[in-house]
Amino acid sequence: MVFREVAGRRAFGALLAASALLGRGPASHAAVELSDEAALVAEAWADVKRAFVDGGRLSAIDWEARRKVYLRERSYRSMDEARGAIRELLGELDDRWTRLLTPEELALTARRYTARGDDGGGVADDDASDGVVLLRGVRADGRPIALLRIGRMGARTPERVRAALAPLDAAPPAELWVDLRGNLGGSFASAVEVARLFLNSGERIVAVRRRAGPVETFDALDAGPYADLPLRLLVDRNTASAAEVLAGALRDNGRADLLGERTYGKGLIQTVAKLADGSALEITVARYETPAGRLVDQRGFEPDVPLDSECSARVVGGGGSAAAASGGNVVAAARAEAERGLTCAQQARPKRGVV
C-alpha cells in the first residue's frame with residue numbers, strides 16, 4: 001500500500017482536476033473553475049483514470065456522458081453530496097476494493113497499514129503477532145509429520161519461520177503441513193521470502209501486472225533449504241492476499257496440494273491518494289498472477305482436497321484479537337489454533353494416495 005499527497009494548493013488542484021476530467025490539458029485556456037464540491041469529484045476521477053489497473057473497464061465507460069452529468073448538470077450543496085457522487089462513479093468500476101475513504105476512515109487505514117504491513121492483514125508486528133508455531137505429530141498410518149502455523153505475514157515472519165523450522169534439520173518429518181487458515185495476509189515481501197524457503201532456484205513465485213509497463217516478476221533466487229521436504233497446505237475462506245501469494249506459488253510449482261476450503265480471493269496492490277477535502281481514494285493499481293498465470297482476486301483457490309468446515313480457523317489473523325477477547329495472550333491463542341490445525345492434518349483423508 002502506498003500513500004501519496006495530491007500536489008498543489010486546493011484552488012490550483014481544483015482547476016487542474018477539472019481540466020483533466022473535462023478532457024482538456026492542464027494548460028488549456030478553456031479550463032473551467034468549479035465549485036469546491038464539483039472540483040472534488042473531478043479530482044477524484046482524474047486520480048482513478050490515471051492509476052486504476054483495468055484499462056479495459058475504464059475505456060468501456062462513456063466519459064463524455066459522465067462529465068455532462070457530474071460536472072455540468074449536477075449541483076452539489078455539500079461535500080457529503082460530492083462524496084456520494086464519487087461513490088457512484090467508483091461503483092461503475094466493478095471493483096470492490098477501489099473505494100472512497102472519509103477523513104476518519106483514512107486515519108484508521110493509515111494506522112492499520114503502518115502497523116500491519118502491505119495489505120493490513122493481522123495485528124501489530126510484535127514478537128508473537130504473526131502466530132508462527134511449529135508442532136509435531138503422527139498420522140494414523142504412523143508417519144511423523146510437522147505443522148507450521150503462520151497466522152499472518154508480518155515484517156519478521158520469514159526469520160521466525162526459519163527459526164521455527166530449524167529443529168527439522170536434524171530430524172525431518174515425513175511431510176510438513178503449512179497452516180495458512182485464517183491468515184488474512186500482511187507483508188507481500190514476507191510472503192515472497194517464505195516461499196523461497198520451499199522452492200528451487202529460478203522457480204516463479206508471483207507476477208505483478210499493472211495497467212501499463214512491464215510485468216514485475218518475483219522468483220526463487222537459490223535452492224531453498226526445504227525445497228525437497230514434502231509439503232501440504234491447510235487453507236480456508238479467510239486465507240487471503242499475501243497468504244494466497246504463498247499458496248499459489250507452492251501449488252503452481254507442484255510443491256503442495258491445498259486442503260480445506262476455497263480461499264478468500266484478494267490478490268491486488270492498492271495506492272491511497274489523498275484528496276483536497278481530507279478524504280482519500282483507495283485505488284487498485286496492480287494484480288497478482290500465480291506462476292501458472294492465474295488471477296487470485298475475486299476467485300481464490302479451490303482446494304485439491306476439501307475438508308469439513310470444522311477445520312476452518314477459529315482464530316483469524318495472528319491471534320491478537322482472539323487473545324484480547326478471551327483475556328489470554330497471543331502465544332496461547334496461536335498455539336491453540338495450531339493444535340487444531342495439527343488435528344485436521346492428522347485426520348485428513350487422502351487424495352488418490354497423495355496425503
# chains A, B, ... in the order shown; residues from 1 in each chain; ligands from 1
$ select_by_dssp --residues "segment 201-309 of chain A" --states "helix (DSSP H, G or I)" --output "list in words"
Ala242, Ala243, Glu244, Val245, Leu246, Ala247, Gly248, Ala249, Leu250, Arg251, Asp252 and Ser309 of chain A
$ residues_around --residues "Val208 of chain A" --least-positions-apart "4" --cutoff "12 Å" --atoms "only C-alpha atoms" --output "PyMOL selection string"
chain A and resi 53+188+204+212-219+245+267-270+285-291+293-296
$ atom_distance --atom1 "atom CA of Leu168 of chain A" --atom2 "atom CA of Val330 of chain A"
24.2 Å
$ residues_around --residues "Val138 of chain A" --least-positions-apart "3" --cutoff "10 Å" --atoms "only C-alpha atoms" --output "list in words"
Asp141, Gly142, Arg143, Pro144, Ile145, Ala146, Pro173, Ala174, Leu342, Thr343, Ala345, Gln346 and Gln347 of chain A
$ atom_distance --atom1 "atom CA of Glu92 of chain A" --atom2 "atom CA of Gly185 of chain A"
27.2 Å
$ closest_residue --among "A:Ser129, A:Arg50, A:Leu275, A:Leu89" --to "Ala65 of chain A" --atoms "only C-alpha atoms"
A:Leu89
$ closest_residue --among "A:Glu81, A:Asp222, A:Glu339, A:Asp228" --to "Asp169 of chain A" --atoms "only C-alpha atoms"
A:Asp228
$ closest_residue --among "A:Ala140, A:Ala276, A:Thr271, A:Arg210" --to "Ala39 of chain A" --atoms "only C-alpha atoms"
A:Ala276
$ atom_distance --atom1 "atom CA of Ala191 of chain A" --atom2 "atom CA of Val235 of chain A"
14.9 Å
$ decode --residues "segment 159-203 of chain A" --atoms "C-alpha atoms" --output "mmCIF file, in the first residue's frame"
data_model
loop_
_atom_site.group_PDB
_atom_site.id
_atom_site.type_symbol
_atom_site.label_atom_id
_atom_site.label_comp_id
_atom_site.auth_asym_id
_atom_site.auth_seq_id
_atom_site.Cartn_x
_atom_site.Cartn_y
_atom_site.Cartn_z
ATOM 1 C CA GLU A 159 13.079 -15.069 10.185
ATOM 2 C CA ARG A 160 10.574 -16.542 12.642
ATOM 3 C CA VAL A 161 9.669 -19.269 10.167
ATOM 4 C CA ARG A 162 13.350 -20.128 9.652
ATOM 5 C CA ALA A 163 13.863 -20.288 13.409
ATOM 6 C CA ALA A 164 10.767 -22.471 13.886
ATOM 7 C CA LEU A 165 11.871 -24.899 11.156
ATOM 8 C CA ALA A 166 15.474 -25.211 12.369
ATOM 9 C CA PRO A 167 14.785 -28.308 14.560
ATOM 10 C CA LEU A 168 13.583 -30.158 11.446
ATOM 11 C CA ASP A 169 17.101 -30.091 10.002
ATOM 12 C CA ALA A 170 18.261 -32.780 12.431
ATOM 13 C CA ALA A 171 15.028 -34.792 12.444
ATOM 14 C CA PRO A 172 12.940 -34.094 9.321
ATOM 15 C CA PRO A 173 9.334 -35.309 9.308
ATOM 16 C CA ALA A 174 7.807 -37.387 6.527
ATOM 17 C CA GLU A 175 5.954 -34.233 5.493
ATOM 18 C CA LEU A 176 5.423 -30.646 6.620
ATOM 19 C CA TRP A 177 1.953 -29.108 6.747
ATOM 20 C CA VAL A 178 1.924 -25.314 6.385
ATOM 21 C CA ASP A 179 -1.180 -23.976 8.089
ATOM 22 C CA LEU A 180 -2.478 -20.752 6.472
ATOM 23 C CA ARG A 181 -6.036 -20.976 7.790
ATOM 24 C CA GLY A 182 -7.283 -17.585 8.934
ATOM 25 C CA ASN A 183 -4.190 -15.825 7.536
ATOM 26 C CA LEU A 184 -5.562 -12.554 6.143
ATOM 27 C CA GLY A 185 -2.259 -11.564 4.549
ATOM 28 C CA GLY A 186 0.121 -8.783 5.555
ATOM 29 C CA SER A 187 3.550 -8.207 4.055
ATOM 30 C CA PHE A 188 3.859 -9.175 0.385
ATOM 31 C CA ALA A 189 7.657 -9.182 0.691
ATOM 32 C CA SER A 190 7.476 -11.630 3.600
ATOM 33 C CA ALA A 191 5.247 -13.988 1.616
ATOM 34 C CA VAL A 192 7.835 -13.998 -1.179
ATOM 35 C CA GLU A 193 10.670 -14.721 1.266
ATOM 36 C CA VAL A 194 8.784 -17.583 2.937
ATOM 37 C CA ALA A 195 8.045 -19.104 -0.492
ATOM 38 C CA ARG A 196 11.764 -19.044 -1.290
ATOM 39 C CA LEU A 197 12.416 -21.400 1.613
ATOM 40 C CA PHE A 198 10.484 -24.157 -0.191
ATOM 41 C CA LEU A 199 11.310 -23.600 -3.868
ATOM 42 C CA ASN A 200 14.218 -24.328 -6.186
ATOM 43 C CA SER A 201 16.320 -21.675 -7.867
ATOM 44 C CA GLY A 202 14.549 -19.855 -10.690
ATOM 45 C CA GLU A 203 11.041 -21.029 -9.872
#
